[in-house]
Amino acid sequence: MLIMLKLDAPREHIEKVKTKIISFGCTPHEIPGSLKLAIGVTGASSSLQIDDFISMDSVDDVVRVTKPYKLVSREMKSEDTIIKIGNQEIGGSNLTIIAGPCSVESRNQIFDIAGELKEMGIVFLRAGAFKPRSSPYAFQGLKEEGLEYLAEVKDKLGMKIVTEVKDTQTLPLILKTADILQIGARNMQNFSLLEEVGKINKPILLKRGLAATIEDLLMSAEYILSKGNYNVILCERGIRTFETHTRNTLDLNSVPVIKKHSHLPIFVDPSHGIGIWDKVQPMALAGVACGADGLIIEVHNHPESALSDGFQSLTPKNFKSLVEKIKQLAPIVDKKLDL
Ligand code: PEP
Ligand code: MN
């Protein structure tokens with residue numbers, strides 16, 4: 001249920017509505033927005049009646065939300081969510097590029113790549129320190145040491161760090177360095193992790209699971225919002241299909257569909273989506289063309305010797321030529337690329 005109040009509703013009217021919601025055993029969520037003042041209701045709201053609220057002071061309208069996901073839905077909030085990180089904005093008319101290696105491999109490696117990306121104007125550096133790998137024998141990341149190098153890059157180069165949080169145990173550690181916490185495809189339905197990151201106040205990049213429907217992805221995002229963290233970025237990174245020529249099938253259908261049903265920003269990861277470096281450029285452009293709010297792209301100085309995902313990584317030179325094309329494409333789809 002969604003309760004709409006007049007924009008100039010005094011605080012005491014807002015609080016009365018919230019108290020009433022709580023008295024029914026439900027949870028009120030003030031939905032930030034510039035066009036209207038809305039309070040979303042989650043919990044067992046089916047027992048609530050429209051008449052319980054419609055005649056309260058400052059209440060304009062009360063509507064039922066028909067979708068199973070509530071707080072992430074456009075029904076709850078029609079305006080695009082814009083996430084602010086320092087002087088950066090994600091979502092709305094902004095197009096954001098996150099780039100960097102799959103994993104932090106050494107101090108030199110991360111500084112070399114970060115330096116080149118920074119020169120191109122990239123602000124958001126991706127790199128995993130704790131890596132969830134399909135094989136227990138594969139490189140698992142530099143862990144704490146990797147985070148230390150990322151903290152140093154952040155400090156010395158002023159870049160913003162996007163890194164994966166693999167479990168609840170390492171969350172406090174990741175929080176110290178990350179500006180955006182990535183939840184990987186394999187953890188999309190790790191509900192205890194989703195609930196924990198719902199309690200923090202940093203943005204979450206939530207990647208679509210390998211076999212997750214769009215509704216599954218939105219329900220996972222709902223877990224995070226329902227705990228109070230509204231700063232969620234969704235990410236299409238490809239799903240498993242019967243196709244074997246590519247690593248995954250990048251489901252770009254999800255971008256316009258998610259835009260219709262949710263106010264949250266949606267990014268595309270063409271690197272994991274197709275898994276083949278020389279096919280990353282066309283799929284990245286396709287992602288922008290279909291309305292993505294951003295891209296996350298793997299870039300490595302020496303892809304042939306990368307410890308993870310080298311085959312899908314672009315060299316800085318190839319990445320640069322992609323960025324030049326994105327600059328031309330962005331205005332066609334009414335997006336601003338601030339590089
Ligand atoms: C990654 O970004 O390197 C990664 C592991 O991605 P995903 O969770 O989408 O497989
Ligand atoms: Mn990777």
# chains A, B, ... in the order shown; residues from 1 in each chain; ligands from 1
>>> select_by_dssp(residues="segment 36-117 of chain A", states="strand (DSSP E)", output="short mmCIF file (atom, residue, chain, number, x, y, z; two decimals) with N, CA, C and O atoms, in the first residue's frame")
data_model
loop_
_atom_site.label_atom_id
_atom_site.label_comp_id
_atom_site.auth_asym_id
_atom_site.auth_seq_id
_atom_site.Cartn_x
_atom_site.Cartn_y
_atom_site.Cartn_z
N LEU A 37 4.99 13.44 -1.67
CA LEU A 37 5.48 12.87 -0.42
C LEU A 37 4.75 11.54 -0.26
O LEU A 37 3.51 11.52 -0.20
N ALA A 38 5.45 10.47 -0.27
CA ALA A 38 4.78 9.17 -0.23
C ALA A 38 5.31 8.34 0.93
O ALA A 38 6.48 8.41 1.29
N ILE A 39 4.40 7.56 1.50
CA ILE A 39 4.82 6.61 2.53
C ILE A 39 4.40 5.22 2.05
O ILE A 39 3.21 4.95 1.84
N GLY A 40 5.39 4.37 1.82
CA GLY A 40 5.11 3.00 1.42
C GLY A 40 4.89 2.16 2.66
O GLY A 40 5.49 2.41 3.70
N VAL A 41 4.01 1.16 2.52
CA VAL A 41 3.73 0.28 3.66
C VAL A 41 4.14 -1.14 3.27
O VAL A 41 3.70 -1.65 2.23
N THR A 42 4.99 -1.75 4.09
CA THR A 42 5.31 -3.16 3.85
C THR A 42 4.91 -3.97 5.07
O THR A 42 4.62 -3.42 6.13
N VAL A 59 -3.48 13.68 3.89
CA VAL A 59 -3.44 12.54 2.98
C VAL A 59 -4.25 12.87 1.72
O VAL A 59 -5.39 13.32 1.80
N ASP A 60 -3.61 12.66 0.56
CA ASP A 60 -4.23 12.97 -0.73
C ASP A 60 -4.84 11.75 -1.38
O ASP A 60 -5.88 11.80 -2.00
N ASP A 61 -4.12 10.63 -1.26
CA ASP A 61 -4.57 9.43 -1.95
C ASP A 61 -3.96 8.20 -1.28
O ASP A 61 -2.88 8.28 -0.68
N VAL A 62 -4.63 7.07 -1.41
CA VAL A 62 -4.10 5.81 -0.89
C VAL A 62 -4.30 4.76 -1.99
O VAL A 62 -5.41 4.61 -2.50
N VAL A 63 -3.23 4.10 -2.38
CA VAL A 63 -3.37 3.11 -3.46
C VAL A 63 -2.73 1.78 -3.08
O VAL A 63 -1.78 1.74 -2.29
N ILE A 83 21.26 8.18 -7.30
CA ILE A 83 22.13 7.87 -6.17
C ILE A 83 23.31 8.83 -6.18
O ILE A 83 23.99 8.97 -7.19
N LYS A 84 23.53 9.49 -5.05
CA LYS A 84 24.63 10.47 -4.98
C LYS A 84 25.80 9.85 -4.23
O LYS A 84 25.64 9.32 -3.13
N ILE A 85 26.97 9.93 -4.86
CA ILE A 85 28.19 9.46 -4.20
C ILE A 85 29.20 10.58 -4.35
O ILE A 85 29.74 10.79 -5.44
N GLN A 88 29.31 12.72 -7.50
CA GLN A 88 28.84 11.89 -8.62
C GLN A 88 27.37 11.55 -8.44
O GLN A 88 26.90 11.37 -7.32
N GLU A 89 26.66 11.44 -9.58
CA GLU A 89 25.26 11.02 -9.53
C GLU A 89 25.07 9.84 -10.45
O GLU A 89 25.53 9.84 -11.58
N ILE A 90 24.35 8.85 -9.96
CA ILE A 90 24.07 7.65 -10.75
C ILE A 90 22.56 7.54 -10.94
O ILE A 90 21.79 7.70 -9.99
N ASN A 94 21.95 10.39 -16.11
CA ASN A 94 23.40 10.15 -16.07
C ASN A 94 23.78 8.78 -16.61
O ASN A 94 23.10 7.80 -16.33
N LEU A 95 24.87 8.75 -17.34
CA LEU A 95 25.44 7.48 -17.78
C LEU A 95 26.78 7.33 -17.07
O LEU A 95 27.64 8.21 -17.16
N THR A 96 26.95 6.23 -16.35
CA THR A 96 28.15 6.05 -15.52
C THR A 96 28.94 4.84 -16.02
O THR A 96 28.33 3.81 -16.34
N ILE A 97 30.24 4.98 -16.06
CA ILE A 97 31.06 3.82 -16.43
C ILE A 97 31.94 3.41 -15.26
O ILE A 97 32.70 4.22 -14.72
N ILE A 98 31.80 2.15 -14.87
CA ILE A 98 32.67 1.55 -13.86
C ILE A 98 33.64 0.65 -14.63
O ILE A 98 33.19 -0.15 -15.46
N ALA A 99 34.92 0.78 -14.37
CA ALA A 99 35.88 -0.04 -15.12
C ALA A 99 37.01 -0.48 -14.22
O ALA A 99 37.31 0.17 -13.20
N GLY A 100 37.65 -1.58 -14.61
CA GLY A 100 38.79 -2.07 -13.84
C GLY A 100 38.93 -3.57 -14.02
O GLY A 100 38.11 -4.21 -14.68
#
>>> residues_near_ligand(ligand="ligand 1", cutoff="6 Å", atoms="only C-alpha atoms and all ligand atoms", output="PyMOL selection string")
chain A and resi 102+184-186+207+237
>>> write_last_selection(atoms="N, CA, C and O atoms", output="PDB file, in the first residue's frame")
ATOM      1  N   CYS A 102      39.059  -7.654 -13.187  1.00  0.00           N
ATOM      2  CA  CYS A 102      38.174  -8.552 -12.437  1.00  0.00           C
ATOM      3  C   CYS A 102      38.646  -8.578 -10.978  1.00  0.00           C
ATOM      4  O   CYS A 102      37.858  -8.367 -10.068  1.00  0.00           O
ATOM      5  N   GLY A 184      27.576 -10.212  -6.007  1.00  0.00           N
ATOM      6  CA  GLY A 184      27.768 -10.972  -7.236  1.00  0.00           C
ATOM      7  C   GLY A 184      26.570 -11.835  -7.576  1.00  0.00           C
ATOM      8  O   GLY A 184      25.690 -12.086  -6.734  1.00  0.00           O
ATOM      9  N   ALA A 185      26.580 -12.293  -8.839  1.00  0.00           N
ATOM     10  CA  ALA A 185      25.474 -13.104  -9.355  1.00  0.00           C
ATOM     11  C   ALA A 185      25.193 -14.312  -8.453  1.00  0.00           C
ATOM     12  O   ALA A 185      24.041 -14.644  -8.179  1.00  0.00           O
ATOM     13  N   ARG A 186      26.267 -14.936  -7.973  1.00  0.00           N
ATOM     14  CA  ARG A 186      26.092 -16.157  -7.163  1.00  0.00           C
ATOM     15  C   ARG A 186      25.497 -15.873  -5.803  1.00  0.00           C
ATOM     16  O   ARG A 186      25.059 -16.781  -5.111  1.00  0.00           O
ATOM     17  N   LYS A 207      23.942  -7.725  -8.736  1.00  0.00           N
ATOM     18  CA  LYS A 207      24.000  -8.375 -10.044  1.00  0.00           C
ATOM     19  C   LYS A 207      22.943  -9.473 -10.161  1.00  0.00           C
ATOM     20  O   LYS A 207      22.632 -10.149  -9.180  1.00  0.00           O
ATOM     21  N   ARG A 237      23.924  -8.981 -16.053  1.00  0.00           N
ATOM     22  CA  ARG A 237      25.261  -9.517 -16.360  1.00  0.00           C
ATOM     23  C   ARG A 237      25.169 -10.835 -17.137  1.00  0.00           C
ATOM     24  O   ARG A 237      26.132 -11.578 -17.221  1.00  0.00           O
TER      25      ARG A 237
END
>>> residues_near_ligand(ligand="ligand 2", cutoff="12 Å", atoms="only C-alpha atoms and all ligand atoms", output="count of residues only")
50
>>> residues_around(residues="segment 319-334 of chain A", least_positions_apart="3", cutoff="8 Å", atoms="only C-alpha atoms", output="PyMOL selection string")
chain A and resi 93+95+120+281+285+288-289+291+299+314-316+337
>>> write_last_selection(atoms="C-alpha atoms", output="JSON list (two decimals), in the first residue's frame")
[["chain", "number", "residue", "atom", "x", "y", "z"],
["A", 93, "SER", "CA", 19.87, 11.09, -17.18],
["A", 95, "LEU", "CA", 25.44, 7.48, -17.78],
["A", 120, "MET", "CA", 40.50, 8.77, -19.28],
["A", 281, "GLN", "CA", 32.37, -3.40, -27.41],
["A", 285, "LEU", "CA", 27.08, -0.08, -27.01],
["A", 288, "VAL", "CA", 23.71, 2.01, -23.72],
["A", 289, "ALA", "CA", 21.37, 1.98, -26.72],
["A", 291, "GLY", "CA", 18.69, 2.56, -21.95],
["A", 299, "VAL", "CA", 39.86, -3.79, -18.13],
["A", 314, "LEU", "CA", 39.70, -5.14, -22.60],
["A", 315, "THR", "CA", 43.13, -3.57, -22.74],
["A", 316, "PRO", "CA", 43.13, 0.12, -21.74],
["A", 337, "LEU", "CA", 28.46, 10.97, -19.86]]
>>> residues_around(residues="Glu196 of chain A", least_positions_apart="6", cutoff="9 Å", atoms="only C-alpha atoms", output="ChimeraX atom specification")
/A:168,171,224,227
>>> write_last_selection(atoms="N, CA, C and O atoms", output="short mmCIF file (atom, residue, chain, number, x, y, z; two decimals), in the first residue's frame")
data_model
loop_
_atom_site.label_atom_id
_atom_site.label_comp_id
_atom_site.auth_asym_id
_atom_site.auth_seq_id
_atom_site.Cartn_x
_atom_site.Cartn_y
_atom_site.Cartn_z
N THR A 168 28.65 -12.19 4.91
CA THR A 168 28.38 -11.24 6.00
C THR A 168 29.62 -11.05 6.90
O THR A 168 29.81 -9.97 7.45
N LEU A 171 31.81 -8.26 5.56
CA LEU A 171 31.12 -6.99 5.27
C LEU A 171 31.75 -5.78 6.00
O LEU A 171 32.01 -4.75 5.36
N ILE A 224 16.78 -5.56 0.20
CA ILE A 224 17.71 -4.51 0.64
C ILE A 224 16.93 -3.24 1.00
O ILE A 224 17.13 -2.66 2.07
N LYS A 227 14.98 -3.14 4.31
CA LYS A 227 15.75 -2.91 5.55
C LYS A 227 16.21 -1.47 5.67
O LYS A 227 16.91 -1.11 6.60
#
>>> atom_distance(atom1="atom CA of Tyr69 of chain A", atom2="atom CA of Glu215 of chain A")
8.0 Å
>>> atom_distance(atom1="atom CA of Ile258 of chain A", atom2="atom CA of Ala292 of chain A")
9.9 Å
>>> residues_around(residues="Val153 of chain A", least_positions_apart="6", cutoff="9 Å", atoms="only C-alpha atoms", output="PDB file with N, CA and C atoms, in the first residue's frame")
ATOM      1  N   ILE A 110      47.165  -2.962  -9.871  1.00  0.00           N
ATOM      2  CA  ILE A 110      45.969  -2.124  -9.662  1.00  0.00           C
ATOM      3  C   ILE A 110      46.311  -0.648  -9.867  1.00  0.00           C
ATOM      4  N   PHE A 111      47.521  -0.245  -9.457  1.00  0.00           N
ATOM      5  CA  PHE A 111      47.900   1.162  -9.666  1.00  0.00           C
ATOM      6  C   PHE A 111      48.071   1.472 -11.156  1.00  0.00           C
ATOM      7  N   ALA A 114      44.483   1.550 -12.679  1.00  0.00           N
ATOM      8  CA  ALA A 114      43.733   2.696 -12.136  1.00  0.00           C
ATOM      9  C   ALA A 114      44.257   4.008 -12.714  1.00  0.00           C
ATOM     10  N   GLY A 115      45.595   4.112 -12.828  1.00  0.00           N
ATOM     11  CA  GLY A 115      46.201   5.332 -13.364  1.00  0.00           C
ATOM     12  C   GLY A 115      45.729   5.608 -14.789  1.00  0.00           C
ATOM     13  N   MET A 159      39.986   7.884  -6.608  1.00  0.00           N
ATOM     14  CA  MET A 159      38.937   7.155  -7.333  1.00  0.00           C
ATOM     15  C   MET A 159      37.949   6.542  -6.355  1.00  0.00           C
ATOM     16  N   LYS A 160      36.757   6.225  -6.861  1.00  0.00           N
ATOM     17  CA  LYS A 160      35.748   5.581  -6.019  1.00  0.00           C
ATOM     18  C   LYS A 160      35.786   4.080  -6.298  1.00  0.00           C
ATOM     19  N   ILE A 161      35.688   3.316  -5.215  1.00  0.00           N
ATOM     20  CA  ILE A 161      35.954   1.881  -5.314  1.00  0.00           C
ATOM     21  C   ILE A 161      34.662   1.054  -5.320  1.00  0.00           C
TER      22      ILE A 161
END
>>> closest_residue(among="A:Ile3, A:Ile174, A:Leu71, A:Ala138", to="Ser220 of chain A", atoms="only C-alpha atoms")
A:Leu71
>>> residues_around(residues="Leu218 of chain A", least_positions_apart="4", cutoff="12 Å", atoms="only C-alpha atoms", output="VMD selection string")
chain A and resid 67 to 74 188 to 189 206 to 209 212 to 214 222 to 226 232 to 236 254 257 to 259 261 to 266
>>> residues_around(residues="Val162 of chain A", least_positions_apart="4", cutoff="6 Å", atoms="only C-alpha atoms", output="count of residues only")
5
>>> select_by_dssp(residues="segment 5-251 of chain A", states="alpha helix (DSSP H)", output="count of residues only")
71
